[in-house]
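S.K.: What follows is entry-v1.cif, mmCIF, C-alpha atoms.
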```
data_query
loop_
_atom_site.label_atom_id
_atom_site.label_comp_id
_atom_site.auth_asym_id
_atom_site.auth_seq_id
_atom_site.Cartn_x
_atom_site.Cartn_y
_atom_site.Cartn_z
CA MET A 28 -29.37 10.02 9.15
CA LYS A 29 -27.64 13.20 8.18
CA ARG A 30 -26.69 15.08 11.29
CA LEU A 31 -24.51 17.90 12.46
CA ILE A 32 -20.81 17.21 12.50
CA CYS A 33 -18.17 19.86 12.66
CA PHE A 34 -14.60 20.45 13.79
CA ILE A 35 -12.90 22.61 16.33
CA LEU A 36 -9.54 22.97 17.92
CA PHE A 37 -9.70 21.81 21.51
CA THR A 38 -7.86 24.90 22.70
CA SER A 39 -10.37 27.19 21.00
CA PHE A 40 -12.72 27.01 23.94
CA CYS A 41 -13.06 23.59 25.50
CA VAL A 42 -10.79 23.56 28.52
CA LEU A 43 -9.92 20.85 30.94
CA GLY A 44 -10.68 21.55 34.57
CA HIS A 45 -7.82 22.64 36.80
CA GLY A 46 -9.58 21.72 40.01
CA GLU A 47 -12.95 20.45 41.08
CA VAL A 48 -15.64 23.14 41.25
CA ASN A 49 -17.81 22.72 44.35
CA PHE A 50 -21.33 22.72 42.92
CA ASP A 51 -23.14 23.86 46.06
CA GLU A 52 -20.72 26.73 46.62
CA TRP A 53 -21.60 28.35 43.31
CA PHE A 54 -25.00 27.04 42.25
CA THR A 55 -28.46 26.31 43.56
CA ARG A 56 -30.13 23.03 42.61
CA GLU A 57 -32.28 24.83 40.02
CA THR A 58 -31.84 25.29 36.26
CA LEU A 59 -31.08 28.44 34.28
CA ARG A 60 -32.45 28.17 30.75
CA LEU A 61 -30.88 30.49 28.18
CA ASP A 62 -32.47 31.10 24.76
CA TYR A 63 -30.52 32.36 21.74
CA LEU A 64 -30.83 32.98 18.03
CA PHE A 65 -27.95 31.77 15.85
CA SER A 66 -28.02 33.48 12.46
CA GLY A 67 -25.94 34.01 9.36
CA ASP A 68 -24.83 32.23 6.20
CA ALA A 69 -21.81 30.46 4.77
CA LYS A 70 -19.65 33.58 5.20
CA SER A 71 -20.61 34.93 8.62
CA GLU A 72 -22.40 33.89 11.81
CA SER A 73 -23.92 35.81 14.72
CA ILE A 74 -25.32 35.00 18.16
CA PHE A 75 -28.15 36.93 19.79
CA PHE A 76 -29.35 36.47 23.37
CA ARG A 77 -33.13 36.34 23.69
CA GLU A 78 -34.13 35.61 27.29
CA ALA A 79 -33.40 33.74 30.49
CA SER A 80 -35.75 31.46 32.40
CA ARG A 81 -35.64 29.65 35.73
CA THR A 82 -36.95 26.14 36.12
CA SER A 83 -37.09 23.77 39.06
CA LYS A 84 -34.63 20.93 39.55
CA TRP A 85 -31.14 20.82 38.00
CA ALA A 86 -30.77 17.48 36.21
CA GLY A 87 -27.23 17.86 34.90
CA ARG A 88 -23.91 16.80 36.33
CA THR A 89 -22.66 18.14 39.66
CA SER A 90 -19.05 17.08 39.19
CA HIS A 91 -16.53 17.58 36.35
CA LEU A 92 -18.24 20.96 35.97
CA ASP A 93 -15.30 22.72 34.31
CA GLU A 94 -14.40 19.86 31.98
CA CYS A 95 -15.51 19.00 28.43
CA PRO A 96 -16.07 15.31 27.69
CA LEU A 97 -16.08 16.02 23.93
CA ARG A 98 -15.55 19.16 21.89
CA GLY A 99 -18.65 19.53 19.77
CA ASN A 100 -18.87 22.48 17.43
CA GLY A 101 -19.70 25.02 20.09
CA SER A 102 -19.81 25.55 23.83
CA ILE A 103 -21.59 27.45 26.55
CA SER A 104 -19.57 28.38 29.61
CA VAL A 105 -20.28 30.12 32.91
CA ARG A 106 -17.69 32.17 34.82
CA ASP A 107 -17.89 33.98 38.10
CA ALA A 108 -18.36 37.66 37.22
CA ALA A 109 -16.10 38.87 40.01
CA SER A 110 -13.10 36.54 39.66
CA GLY A 111 -13.42 35.11 36.16
CA LYS A 112 -13.24 31.56 37.54
CA LEU A 113 -14.64 28.94 35.17
CA LEU A 114 -17.59 27.32 36.92
CA TYR A 115 -19.27 25.28 34.19
CA ILE A 116 -18.82 24.41 30.53
CA ASN A 117 -20.77 22.20 28.17
CA PRO A 118 -20.17 21.49 24.47
CA PHE A 119 -22.92 21.17 21.88
CA SER A 120 -23.75 20.99 18.20
CA THR A 121 -26.64 22.70 16.42
CA LEU A 122 -28.71 22.36 13.28
CA PHE A 123 -27.64 25.87 12.33
CA GLN A 124 -23.99 24.84 12.26
CA GLU A 125 -24.84 22.01 9.92
CA TRP A 126 -26.94 24.26 7.69
CA VAL A 127 -24.07 26.70 7.07
CA THR A 128 -22.14 23.91 5.34
CA TYR A 129 -24.90 23.43 2.75
CA GLU A 130 -25.17 25.18 -0.60
CA GLU A 131 -28.31 27.03 0.50
CA ALA A 132 -26.19 28.94 3.02
CA THR A 133 -24.26 30.49 0.12
CA GLN A 134 -27.48 32.03 -1.17
CA VAL A 135 -29.52 33.22 1.84
CA GLN A 136 -29.23 34.14 5.51
CA ARG A 137 -31.27 32.26 8.11
CA ALA A 138 -31.79 32.23 11.88
CA PHE A 139 -32.24 29.19 14.15
CA GLU A 140 -33.52 28.99 17.72
CA ASN A 141 -31.34 27.29 20.32
CA CYS A 142 -31.86 26.74 24.04
CA PHE A 143 -29.32 25.67 26.64
CA GLN A 144 -29.46 24.77 30.32
CA VAL A 145 -26.84 25.58 32.94
CA PRO A 146 -27.02 25.32 36.73
CA PHE A 147 -28.60 28.38 38.36
CA PRO A 148 -25.87 30.61 39.83
CA LYS A 149 -25.92 32.09 43.33
CA THR A 150 -24.03 35.23 42.29
CA PRO A 151 -23.67 37.21 39.01
CA VAL A 152 -21.92 35.31 36.24
CA MET A 153 -20.64 35.90 32.72
CA VAL A 154 -22.02 33.47 30.14
CA THR A 155 -20.08 32.88 26.92
CA VAL A 156 -21.41 31.10 23.84
CA ILE A 157 -18.92 30.19 21.11
CA LEU A 158 -19.55 28.72 17.65
CA THR A 159 -16.79 27.38 15.44
CA ASP A 160 -16.66 26.70 11.73
CA ASN A 161 -15.63 23.48 10.03
CA ARG A 162 -11.94 24.38 10.20
CA GLY A 163 -11.97 24.77 13.95
CA GLU A 164 -11.87 28.55 13.88
CA VAL A 165 -14.18 30.67 16.01
CA ALA A 166 -17.09 31.80 13.81
CA ALA A 167 -19.09 33.71 16.41
CA THR A 168 -18.96 34.48 20.11
CA LEU A 169 -21.17 36.27 22.61
CA THR A 170 -20.53 37.05 26.27
CA HIS A 171 -23.22 38.50 28.48
CA ARG A 172 -23.90 38.99 32.18
CA ILE A 173 -26.56 37.11 34.13
CA ASP A 174 -27.60 38.39 37.55
CA PRO A 175 -29.61 35.72 39.39
CA SER A 176 -31.68 38.46 41.05
CA ASP A 177 -32.82 39.88 37.69
CA ILE A 178 -36.61 40.32 37.86
CA LEU A 179 -36.91 39.57 34.13
CA ILE A 180 -35.72 35.99 34.50
CA ARG A 181 -38.93 34.17 33.72
CA HIS A 182 -40.04 31.50 36.21
CA ILE A 183 -41.29 28.32 34.52
CA GLY A 184 -43.72 26.20 36.47
CA ASP A 185 -45.71 23.05 35.81
CA ASN A 186 -47.54 23.29 32.48
CA CYS A 187 -49.82 20.38 33.47
CA ILE A 188 -48.97 18.33 30.36
CA PRO A 189 -49.41 14.61 31.23
CA ARG A 190 -46.14 12.84 31.96
CA ARG A 191 -45.05 9.45 33.15
CA VAL A 192 -41.82 7.99 34.54
CA ILE A 193 -40.93 5.10 32.25
CA HIS A 194 -37.70 4.02 33.95
CA GLU A 195 -36.49 5.37 37.29
CA GLY A 196 -32.77 4.63 37.27
CA GLY A 197 -30.47 5.12 40.21
CA GLU A 198 -28.73 7.98 41.96
CA ASN A 199 -26.94 10.39 39.56
CA ALA A 200 -28.79 8.86 36.61
CA ILE A 201 -28.71 10.67 33.26
CA ASP A 202 -32.15 12.22 32.73
CA VAL A 203 -33.68 11.54 29.29
CA VAL A 204 -37.15 12.74 28.30
CA PHE A 205 -39.39 11.49 25.50
CA LEU A 206 -41.52 14.31 24.07
CA ALA A 207 -44.64 13.52 22.01
CA GLU A 208 -44.86 14.95 18.49
CA GLY A 209 -47.81 14.33 16.20
CA TYR A 210 -49.87 12.53 18.85
CA THR A 211 -53.32 13.97 19.49
CA ALA A 212 -54.69 14.05 23.05
CA ASP A 213 -56.63 10.87 22.25
CA GLU A 214 -53.35 9.15 21.30
CA ALA A 215 -51.61 9.73 24.64
CA ASP A 216 -51.78 6.03 25.52
CA LYS A 217 -50.11 5.16 22.23
CA PHE A 218 -47.36 7.67 22.97
CA PHE A 219 -46.65 6.24 26.41
CA ALA A 220 -46.59 2.73 24.94
CA ASP A 221 -44.18 3.89 22.21
CA ALA A 222 -41.95 5.51 24.83
CA GLU A 223 -41.88 2.25 26.80
CA ARG A 224 -40.96 0.44 23.61
CA GLY A 225 -38.17 2.96 23.10
CA VAL A 226 -36.74 2.31 26.55
CA ARG A 227 -36.81 -1.46 25.96
CA ALA A 228 -34.99 -0.90 22.67
CA PHE A 229 -32.44 1.34 24.34
CA PHE A 230 -31.57 -1.22 27.00
CA GLY A 231 -31.38 -3.94 24.37
CA TYR A 232 -28.02 -2.61 23.15
CA GLU A 233 -24.64 -2.41 24.82
CA PRO A 234 -23.27 -0.38 26.47
CA PHE A 235 -26.69 0.81 27.66
CA LYS A 236 -27.71 -2.73 28.48
CA GLY A 237 -26.31 -3.44 31.89
CA ASN A 238 -26.29 0.27 32.75
CA GLU A 239 -29.99 0.55 33.51
CA ASP A 240 -29.25 2.34 36.78
CA LYS A 241 -27.35 5.08 34.91
CA PHE A 242 -30.40 6.39 33.00
CA ARG A 243 -33.81 7.78 33.94
CA PHE A 244 -36.58 8.09 31.33
CA VAL A 245 -39.67 10.31 31.56
CA ALA A 246 -42.35 10.63 28.84
CA VAL A 247 -44.17 13.96 28.28
CA ALA A 248 -47.40 13.60 26.26
CA ALA A 249 -47.56 17.01 24.57
CA PRO A 250 -50.78 16.99 22.49
CA SER A 251 -50.87 17.87 18.79
CA ALA A 252 -53.88 19.25 16.94
CA GLN A 253 -53.34 16.70 14.15
CA SER A 254 -51.96 13.18 14.10
CA GLY A 255 -48.78 12.48 12.16
CA VAL A 256 -45.81 14.49 10.91
CA SER A 257 -45.40 16.97 8.05
CA ILE A 258 -43.91 15.59 4.81
CA PRO A 259 -43.12 18.52 2.48
CA HIS A 260 -42.28 16.45 -0.60
CA LYS A 261 -45.84 15.10 -0.43
CA ASP A 262 -47.22 18.60 0.21
CA LEU A 263 -48.42 17.40 3.62
CA TRP A 264 -48.25 20.03 6.34
CA LEU A 265 -49.76 19.24 9.75
CA ASP A 266 -50.39 21.21 12.93
CA THR A 267 -48.20 19.37 15.46
CA ALA A 268 -46.70 20.11 18.85
CA VAL A 269 -43.17 21.04 17.76
CA GLY A 270 -43.68 21.56 14.02
CA SER A 271 -41.29 18.84 12.90
CA HIS A 272 -41.02 17.79 9.26
CA PHE A 273 -39.12 15.57 6.89
CA ASP A 274 -37.01 16.97 3.98
CA THR A 275 -34.73 19.01 6.22
CA PHE A 276 -32.14 20.66 3.98
CA TYR A 277 -34.02 18.94 1.11
CA THR A 278 -32.93 15.51 2.33
CA GLU A 279 -36.09 13.39 2.16
CA ARG A 280 -35.64 11.21 5.24
CA TYR A 281 -34.08 13.88 7.46
CA LEU A 282 -36.72 14.59 10.13
CA THR A 283 -36.03 17.57 12.43
CA THR A 284 -37.59 20.54 14.17
CA VAL A 285 -36.28 24.10 14.35
CA GLU A 286 -38.74 25.12 17.07
CA MET A 287 -36.43 24.59 20.02
CA ARG A 288 -38.12 27.16 22.26
CA THR A 289 -41.38 25.29 21.77
CA VAL A 290 -39.66 22.02 22.69
CA TYR A 291 -38.34 23.49 25.93
CA ASP A 292 -41.65 25.22 26.75
CA LEU A 293 -43.51 21.92 26.37
CA LEU A 294 -41.08 20.24 28.73
CA GLY A 295 -41.80 22.98 31.26
CA ASN A 296 -40.17 22.25 34.59
CA VAL A 297 -39.41 18.58 33.88
CA PRO A 298 -35.75 17.93 34.77
CA PHE A 299 -33.84 16.63 31.74
CA GLU A 300 -30.43 16.44 30.08
CA HIS A 301 -31.36 14.83 26.76
CA VAL A 302 -34.52 15.12 24.66
CA ILE A 303 -35.90 12.44 22.35
CA VAL A 304 -38.76 13.82 20.26
CA LEU A 305 -40.91 10.81 19.38
CA ALA A 306 -42.69 11.52 16.09
CA ASN A 307 -45.93 9.63 15.44
CA THR A 308 -45.33 8.35 11.91
CA PRO A 309 -44.46 5.13 10.07
CA VAL A 310 -42.31 7.06 7.59
CA TYR A 311 -38.62 6.22 7.91
CA GLY A 312 -36.49 9.06 9.25
CA GLY A 313 -35.01 10.93 12.14
CA GLY A 314 -31.96 12.82 13.29
CA GLY A 315 -29.63 13.36 16.21
CA VAL A 316 -27.57 16.43 17.15
CA TYR A 317 -24.92 16.27 19.87
CA ASN A 318 -26.13 17.56 23.25
CA ASN A 319 -29.12 19.08 21.50
CA VAL A 320 -31.98 16.81 20.40
CA THR A 321 -32.83 13.36 19.05
CA ILE A 322 -35.91 12.97 16.86
CA MET A 323 -37.22 9.60 15.80
CA ALA A 324 -40.18 8.20 13.83
CA SER A 325 -42.18 5.96 16.17
CA ASP A 326 -43.58 3.36 13.79
CA THR A 327 -40.84 2.81 11.24
CA PRO A 328 -39.97 -0.92 10.98
CA PRO A 329 -36.33 -0.55 12.16
CA PHE A 330 -37.43 1.60 15.12
CA GLU A 331 -35.15 0.01 17.71
CA PRO A 332 -31.78 0.15 15.90
CA VAL A 333 -32.46 3.60 14.42
CA LEU A 334 -33.39 5.06 17.81
CA VAL A 335 -30.14 3.78 19.30
CA HIS A 336 -28.20 5.04 16.27
CA GLU A 337 -29.64 8.55 16.60
CA PHE A 338 -29.02 8.60 20.35
CA GLY A 339 -25.44 7.63 19.52
CA HIS A 340 -25.22 10.99 17.75
CA ALA A 341 -27.03 13.11 20.33
CA PHE A 342 -25.59 11.57 23.49
CA GLY A 343 -22.32 10.06 22.30
CA GLY A 344 -21.24 12.58 19.68
CA LEU A 345 -20.69 9.69 17.28
CA ALA A 346 -20.44 10.41 13.57
CA ASP A 347 -22.18 8.59 10.75
CA GLU A 348 -19.87 6.07 9.14
CA TYR A 349 -21.52 5.86 5.73
CA ALA A 350 -20.91 7.91 2.58
CA TYR A 351 -22.92 10.04 0.17
CA ASP A 352 -20.91 11.30 -2.78
CA ASP A 353 -23.73 13.11 -4.56
CA MET A 354 -24.23 15.83 -1.96
CA TYR A 355 -22.90 19.34 -1.52
CA ASP A 356 -20.92 18.71 1.64
CA THR A 357 -18.11 20.71 3.23
CA LEU A 358 -18.15 19.24 6.72
CA TYR A 359 -14.71 17.63 6.77
CA PRO A 360 -11.95 19.79 5.25
CA GLU A 361 -8.69 18.07 4.45
CA GLY A 362 -6.11 18.39 7.19
CA VAL A 363 -8.60 19.04 10.01
CA GLU A 364 -9.22 16.27 12.54
CA PRO A 365 -12.93 15.71 13.34
CA TRP A 366 -13.90 15.92 16.99
CA GLU A 367 -16.14 12.85 16.80
CA PRO A 368 -14.37 9.85 18.38
CA ASN A 369 -15.25 7.30 15.67
CA ILE A 370 -13.95 8.96 12.49
CA THR A 371 -10.63 10.45 11.42
CA THR A 372 -9.03 12.33 8.54
CA LEU A 373 -5.63 11.11 9.86
CA ALA A 374 -4.70 14.72 10.67
CA ASP A 375 -4.41 13.70 14.34
CA PHE A 376 -5.09 10.00 14.37
CA GLY A 377 -3.12 9.59 17.58
CA SER A 378 -6.03 11.22 19.42
CA LYS A 379 -8.48 8.62 18.12
CA TRP A 380 -8.22 4.82 18.18
CA ALA A 381 -4.53 4.44 17.31
CA ASP A 382 -4.02 2.81 20.71
CA MET A 383 -6.56 0.11 19.79
CA LEU A 384 -4.99 -0.90 16.45
CA PRO A 385 -3.39 -4.35 16.26
CA SER A 386 0.32 -4.24 15.62
CA GLY A 387 1.18 -4.04 11.93
CA THR A 388 -2.25 -2.74 10.81
CA THR A 389 -2.15 -1.33 7.29
CA ILE A 390 -3.43 2.23 6.88
CA PRO A 391 -5.73 2.50 4.99
CA SER A 392 -6.90 -0.98 5.90
CA PRO A 393 -8.08 -3.35 3.15
CA LEU A 394 -11.71 -4.45 3.18
CA ASP A 395 -12.67 -8.07 3.66
CA ALA A 396 -13.68 -9.92 0.49
CA VAL A 397 -17.37 -9.87 1.42
CA GLU A 398 -17.32 -6.06 1.32
CA HIS A 399 -16.53 -6.25 -2.40
CA GLU A 400 -19.32 -8.68 -3.24
CA GLY A 401 -22.24 -6.25 -3.08
CA ASP A 402 -24.47 -4.43 -0.64
CA VAL A 403 -23.53 -5.84 2.77
CA ARG A 404 -26.78 -4.50 4.21
CA ARG A 405 -28.78 -6.82 1.94
CA MET A 406 -26.50 -9.76 2.64
CA TRP A 407 -26.16 -9.23 6.38
CA SER A 408 -28.75 -11.69 7.63
CA GLY A 409 -27.27 -14.40 5.42
CA LEU A 410 -23.69 -13.92 6.59
CA SER A 411 -22.26 -16.32 9.12
CA PRO A 412 -21.98 -15.13 12.75
CA GLU A 413 -18.20 -15.31 12.40
CA THR A 414 -18.21 -13.04 9.34
CA ARG A 415 -20.55 -10.51 10.97
CA LEU A 416 -18.39 -10.49 14.08
CA SER A 417 -15.26 -9.86 12.03
CA LEU A 418 -16.86 -6.99 10.11
CA ASN A 419 -17.95 -5.40 13.39
CA GLN A 420 -14.92 -6.12 15.59
CA LYS A 421 -11.80 -6.11 13.39
CA ILE A 422 -10.34 -2.68 14.10
CA GLY A 423 -8.51 -0.90 11.32
CA VAL A 424 -8.62 2.39 9.43
CA TYR A 425 -11.18 1.91 6.66
CA GLU A 426 -11.75 4.66 4.11
CA GLY A 427 -15.28 5.97 3.65
CA ALA A 428 -17.20 7.72 6.45
CA GLY A 429 -18.77 11.03 7.35
CA TYR A 430 -20.80 11.06 4.10
CA VAL A 431 -17.76 10.88 1.80
CA SER A 432 -15.93 7.90 0.32
CA LYS A 433 -12.48 9.49 0.25
CA GLY A 434 -10.41 11.17 2.91
CA VAL A 435 -12.46 10.23 5.98
CA PHE A 436 -11.92 6.91 7.78
CA ARG A 437 -13.87 4.67 10.19
CA PRO A 438 -12.67 2.08 12.75
CA VAL A 439 -14.41 -1.07 11.46
CA GLN A 440 -16.12 -2.20 8.30
CA GLU A 441 -19.65 -2.33 9.75
CA CYS A 442 -21.06 -0.74 12.90
CA ARG A 443 -24.31 0.43 14.49
CA MET A 444 -23.28 3.89 13.22
CA ARG A 445 -22.98 2.65 9.63
CA ILE A 446 -25.88 0.29 8.87
CA ASN A 447 -29.12 -0.58 10.68
CA GLU A 448 -28.56 -4.26 10.11
CA CYS A 449 -25.42 -4.39 12.26
CA GLU A 450 -26.52 -5.30 15.75
CA ASP A 451 -23.69 -3.74 17.73
CA PHE A 452 -21.56 -0.67 18.16
CA CYS A 453 -17.94 -1.30 17.25
CA PRO A 454 -15.25 -1.37 19.98
CA VAL A 455 -14.28 2.25 19.32
CA CYS A 456 -17.85 3.54 19.60
CA MET A 457 -18.42 1.31 22.62
CA ARG A 458 -15.42 2.77 24.43
CA ALA A 459 -16.53 6.32 23.63
CA LEU A 460 -20.04 5.71 24.98
CA ARG A 461 -18.78 4.05 28.15
CA ARG A 462 -16.45 6.96 28.82
CA LEU A 463 -19.34 9.41 28.54
CA ILE A 464 -21.62 7.39 30.80
CA ALA A 465 -18.87 7.39 33.42
CA PHE A 466 -18.20 11.12 32.96
CA TYR A 467 -21.82 12.05 33.66
CA THR A 468 -22.55 9.60 36.46
CA GLU A 469 -19.36 9.03 38.45
#
```
Since I need it in another form, could you write the structure as structure tokens?
M.R.:
Amino acid sequence: MKRLICFILFTSFCVLGHGEVNFDEWFTRETLRLDYLFSGDAKSESIFFREASRTSKWAGRTSHLDECPLRGNGSISVRDAASGKLLYINPFSTLFQEWVTYEEATQVQRAFENCFQVPFPKTPVMVTVILTDNRGEVAATLTHRIDPSDILIRHIGDNCIPRRVIHEGGENAIDVVFLAEGYTADEADKFFADAERGVRAFFGYEPFKGNEDKFRFVAVAAPSAQSGVSIPHKDLWLDTAVGSHFDTFYTERYLTTVEMRTVYDLLGNVPFEHVIVLANTPVYGGGGVYNNVTIMASDTPPFEPVLVHEFGHAFGGLADEYAYDDMYDTLYPEGVEPWEPNITTLADFGSKWADMLPSGTTIPSPLDAVEHEGDVRRMWSGLSPETRLSLNQKIGVYEGAGYVSKGVFRPVQECRMRINECEDFCPVCMRALRRLIAFYTE
């Protein structure tokens, strides 16, 4: 699905740690939730702070606090107000940052809600939010003070929405929550069953398979007044828990929600790091935004591979490896290296998978003959295991990725991030995901 992808220079804001930050010295084991409005258009962007909230248990990492595993297209950082010491930083991407690359952003200004979680500080801190544009330049920044004793920090307690642990995981597990969307109260059992199906799908793919102890899944059965999901191109608008709908940015199968404060309110005090909104619909669609949200149709036939694909975006920061050449798209300017680990413009290929290329690899790499014979997706099931393995494992630099056929390159010919029919992530995506799992859990 179409998703947010943008570029930044690493030195713009995402710094490597210069020494381990002792979590318990600076933070409690609670969560500070910070709500913002990101607004603007194709020419200018602004950030507005809305409010701070305090929730119960901190679910995020307690090591590597001052390090960025990936760059994203923005970051939130926390510094000690007295000394300026960097205590915590986390990168992200947002739907707003994708929207500003669309033609609509040249015609109107819009505002998008965004919520972020950081560990709750013991002493006053300065919080900085930075957004960058698609050339890696800072587009907007906001720094504000948070005093943990502020009486206007809202305390969030249990909202009594039914929830269920689907998979427990081990110590230091990454906390993932399924949130119901378009399920009425009478459909709670269906939601929990769909969430269990999602977990089985998740652990059916490497590198998640075999890392069951590294993830914890909880399902939150937020009730909707109506069953299903809004489909604007059919003039179908429903009253659902988080107001999701298809046709995002006028792309028919792009299913998203802009009601991020509602999402976080429904989760209440449930500890989480990643959110998967499970939408009760058989209509094909979904989306995934890095360190932000995954949304997935529950009853679409390719549910399992699409769920894993979208989580590849939201958790792994992986880019789509297919192309659309009929869209207004300014996401990947020439001469700017994408931050996503599985695509390149060759501006800084040495930072990508150059170390994995076989000696003598031609750049750009020629496609196998089967790629010229027609739609590989339609032929996939009829290809020999050897051919499928070659298309998925033969590392090169193949042109066509990131929604365009020219100027952006992918590591293999077919991957889980390119077509649903391909069973596996490619070696480059696999390495990127394994590195992230280790970063968050070790």
S.K.: With all atoms listed in the file as the basis for distance, which of A:Glu198, A:Glu448, A:Glu233, A:Glu47 is at the shortest distance from A:Trp407?
M.R.: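 Smallest separation from A:Trp407 among the options: A:Glu448.
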S.K.: In Å, how far is it from atom CA of A:Asn307 to atom CA of A:Phe330?
M.R.: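 Those two atoms sit 11.7 Å apart.
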S.K.: Given the point (-22.6, 25.4, 44.7) in the coordinates of this file, which residues lie within 10 Å, counting all atoms listed in the file, and how would they look as a list in words?
M.R.: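 All residues meeting the 10 Å criterion around (-22.6, 25.4, 44.7) are Val48, Asn49, Phe50, Asp51, Glu52, Trp53, Phe54, Thr55, Arg56, Thr89, Leu114, Pro146, Phe147, Pro148 and Lys149 of chain A.
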S.K.: Take atom CA of A:Gly184 and atom CA of A:Thr82 and report the distance between them in Å, one decimal.
M.R.: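 Calculated distance between atom CA of A:Gly184 and atom CA of A:Thr82 is 6.8 Å.
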S.K.: Can you write out as CSV which residues of stretch 95-173 of chain A fall within 12 Å of stretch 367-377 of chain A, alongside each residue's closest atom pair and its distance in Å to one decimal, counting only C-alpha atoms and ordering rows by chain and ascending residue number?
M.R.:
```
residue,atom,partner,partner_atom,distance
A:Pro96,CA,A:Pro368,CA,10.9
A:Leu97,CA,A:Glu367,CA,7.8
A:Arg98,CA,A:Glu367,CA,8.1
A:Gly99,CA,A:Glu367,CA,7.7
A:Asn100,CA,A:Glu367,CA,10.0
A:Phe119,CA,A:Glu367,CA,11.9
A:Ser120,CA,A:Glu367,CA,11.2
```
S.K.: Which distance in Å separates atom CA of A:Phe229 and atom CA of A:Val335, to one decimal?
M.R.: 6.1 Å
S.K.: Could you check which of A:Pro454, A:Pro391, A:Gly237, A:Pro360 is closest to A:Gly429, using all atoms listed in the file?
M.R.: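 When distances to A:Gly429 are compared using all atoms listed in the file, the smallest one comes from A:Pro360.
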S.K.: With all atoms listed in the file as the counted atoms, please give the residues lying no more than 6 Å from A:Phe436, apart from itself and same-chain residues fewer than 4 positions off, as a short mmCIF file (atom, residue, chain, number, x, y, z; two decimals) with C-alpha atoms, in the frame of the given file.
M.R.:
```cif
data_model
loop_
_atom_site.label_atom_id
_atom_site.label_comp_id
_atom_site.auth_asym_id
_atom_site.auth_seq_id
_atom_site.Cartn_x
_atom_site.Cartn_y
_atom_site.Cartn_z
CA ILE A 370 -13.95 8.96 12.49
CA THR A 371 -10.63 10.45 11.42
CA VAL A 424 -8.62 2.39 9.43
CA TYR A 425 -11.18 1.91 6.66
CA GLU A 426 -11.75 4.66 4.11
CA GLY A 427 -15.28 5.97 3.65
CA ALA A 428 -17.20 7.72 6.45
#
```
S.K.: Run through the PyMOL selection byres ((chain A and resi 105) around 10) on the given coordinates and return the selected residues as a list in words.
M.R.: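 Here the PyMOL selection byres ((chain A and resi 105) around 10) matches Leu92, Asp93, Ile103, Ser104, Arg106, Asp107, Ala108, Gly111, Lys112, Leu113, Leu114, Tyr115, Ile116, Asn117, Val145, Pro146, Pro148, Pro151, Val152, Met153, Val154, Thr155, Val156, Thr170, His171, Arg172 and Ile173 of chain A.
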S.K.: Rebuild stretch 165-173 of chain A to N, CA, C and O atoms - output it as a PDB file, in the coordinates of the input, please.
M.R.:
```
ATOM      1  N   VAL A 165     -13.024  30.051  15.399  1.00  0.00           N
ATOM      2  CA  VAL A 165     -14.180  30.670  16.010  1.00  0.00           C
ATOM      3  C   VAL A 165     -14.953  31.469  14.950  1.00  0.00           C
ATOM      4  O   VAL A 165     -14.414  32.355  14.292  1.00  0.00           O
ATOM      5  N   ALA A 166     -16.242  31.131  14.789  1.00  0.00           N
ATOM      6  CA  ALA A 166     -17.090  31.800  13.810  1.00  0.00           C
ATOM      7  C   ALA A 166     -17.941  32.889  14.438  1.00  0.00           C
ATOM      8  O   ALA A 166     -18.313  33.864  13.775  1.00  0.00           O
ATOM      9  N   ALA A 167     -18.280  32.715  15.707  1.00  0.00           N
ATOM     10  CA  ALA A 167     -19.090  33.710  16.410  1.00  0.00           C
ATOM     11  C   ALA A 167     -18.944  33.494  17.903  1.00  0.00           C
ATOM     12  O   ALA A 167     -18.762  32.362  18.364  1.00  0.00           O
ATOM     13  N   THR A 168     -19.025  34.586  18.654  1.00  0.00           N
ATOM     14  CA  THR A 168     -18.960  34.480  20.110  1.00  0.00           C
ATOM     15  C   THR A 168     -19.796  35.592  20.733  1.00  0.00           C
ATOM     16  O   THR A 168     -19.917  36.678  20.171  1.00  0.00           O
ATOM     17  N   LEU A 169     -20.381  35.299  21.864  1.00  0.00           N
ATOM     18  CA  LEU A 169     -21.170  36.270  22.610  1.00  0.00           C
ATOM     19  C   LEU A 169     -20.946  36.038  24.092  1.00  0.00           C
ATOM     20  O   LEU A 169     -21.041  34.905  24.567  1.00  0.00           O
ATOM     21  N   THR A 170     -20.637  37.109  24.818  1.00  0.00           N
ATOM     22  CA  THR A 170     -20.530  37.050  26.270  1.00  0.00           C
ATOM     23  C   THR A 170     -21.494  38.049  26.875  1.00  0.00           C
ATOM     24  O   THR A 170     -21.547  39.206  26.443  1.00  0.00           O
ATOM     25  N   HIS A 171     -22.279  37.605  27.838  1.00  0.00           N
ATOM     26  CA  HIS A 171     -23.220  38.500  28.480  1.00  0.00           C
ATOM     27  C   HIS A 171     -23.346  38.157  29.962  1.00  0.00           C
ATOM     28  O   HIS A 171     -23.049  37.039  30.391  1.00  0.00           O
ATOM     29  N   ARG A 172     -23.801  39.120  30.727  1.00  0.00           N
ATOM     30  CA  ARG A 172     -23.900  38.990  32.180  1.00  0.00           C
ATOM     31  C   ARG A 172     -25.280  38.471  32.570  1.00  0.00           C
ATOM     32  O   ARG A 172     -26.300  38.864  31.985  1.00  0.00           O
ATOM     33  N   ILE A 173     -25.299  37.578  33.534  1.00  0.00           N
ATOM     34  CA  ILE A 173     -26.560  37.110  34.130  1.00  0.00           C
ATOM     35  C   ILE A 173     -26.494  37.379  35.630  1.00  0.00           C
ATOM     36  O   ILE A 173     -25.592  36.895  36.318  1.00  0.00           O
TER      37      ILE A 173
END
```
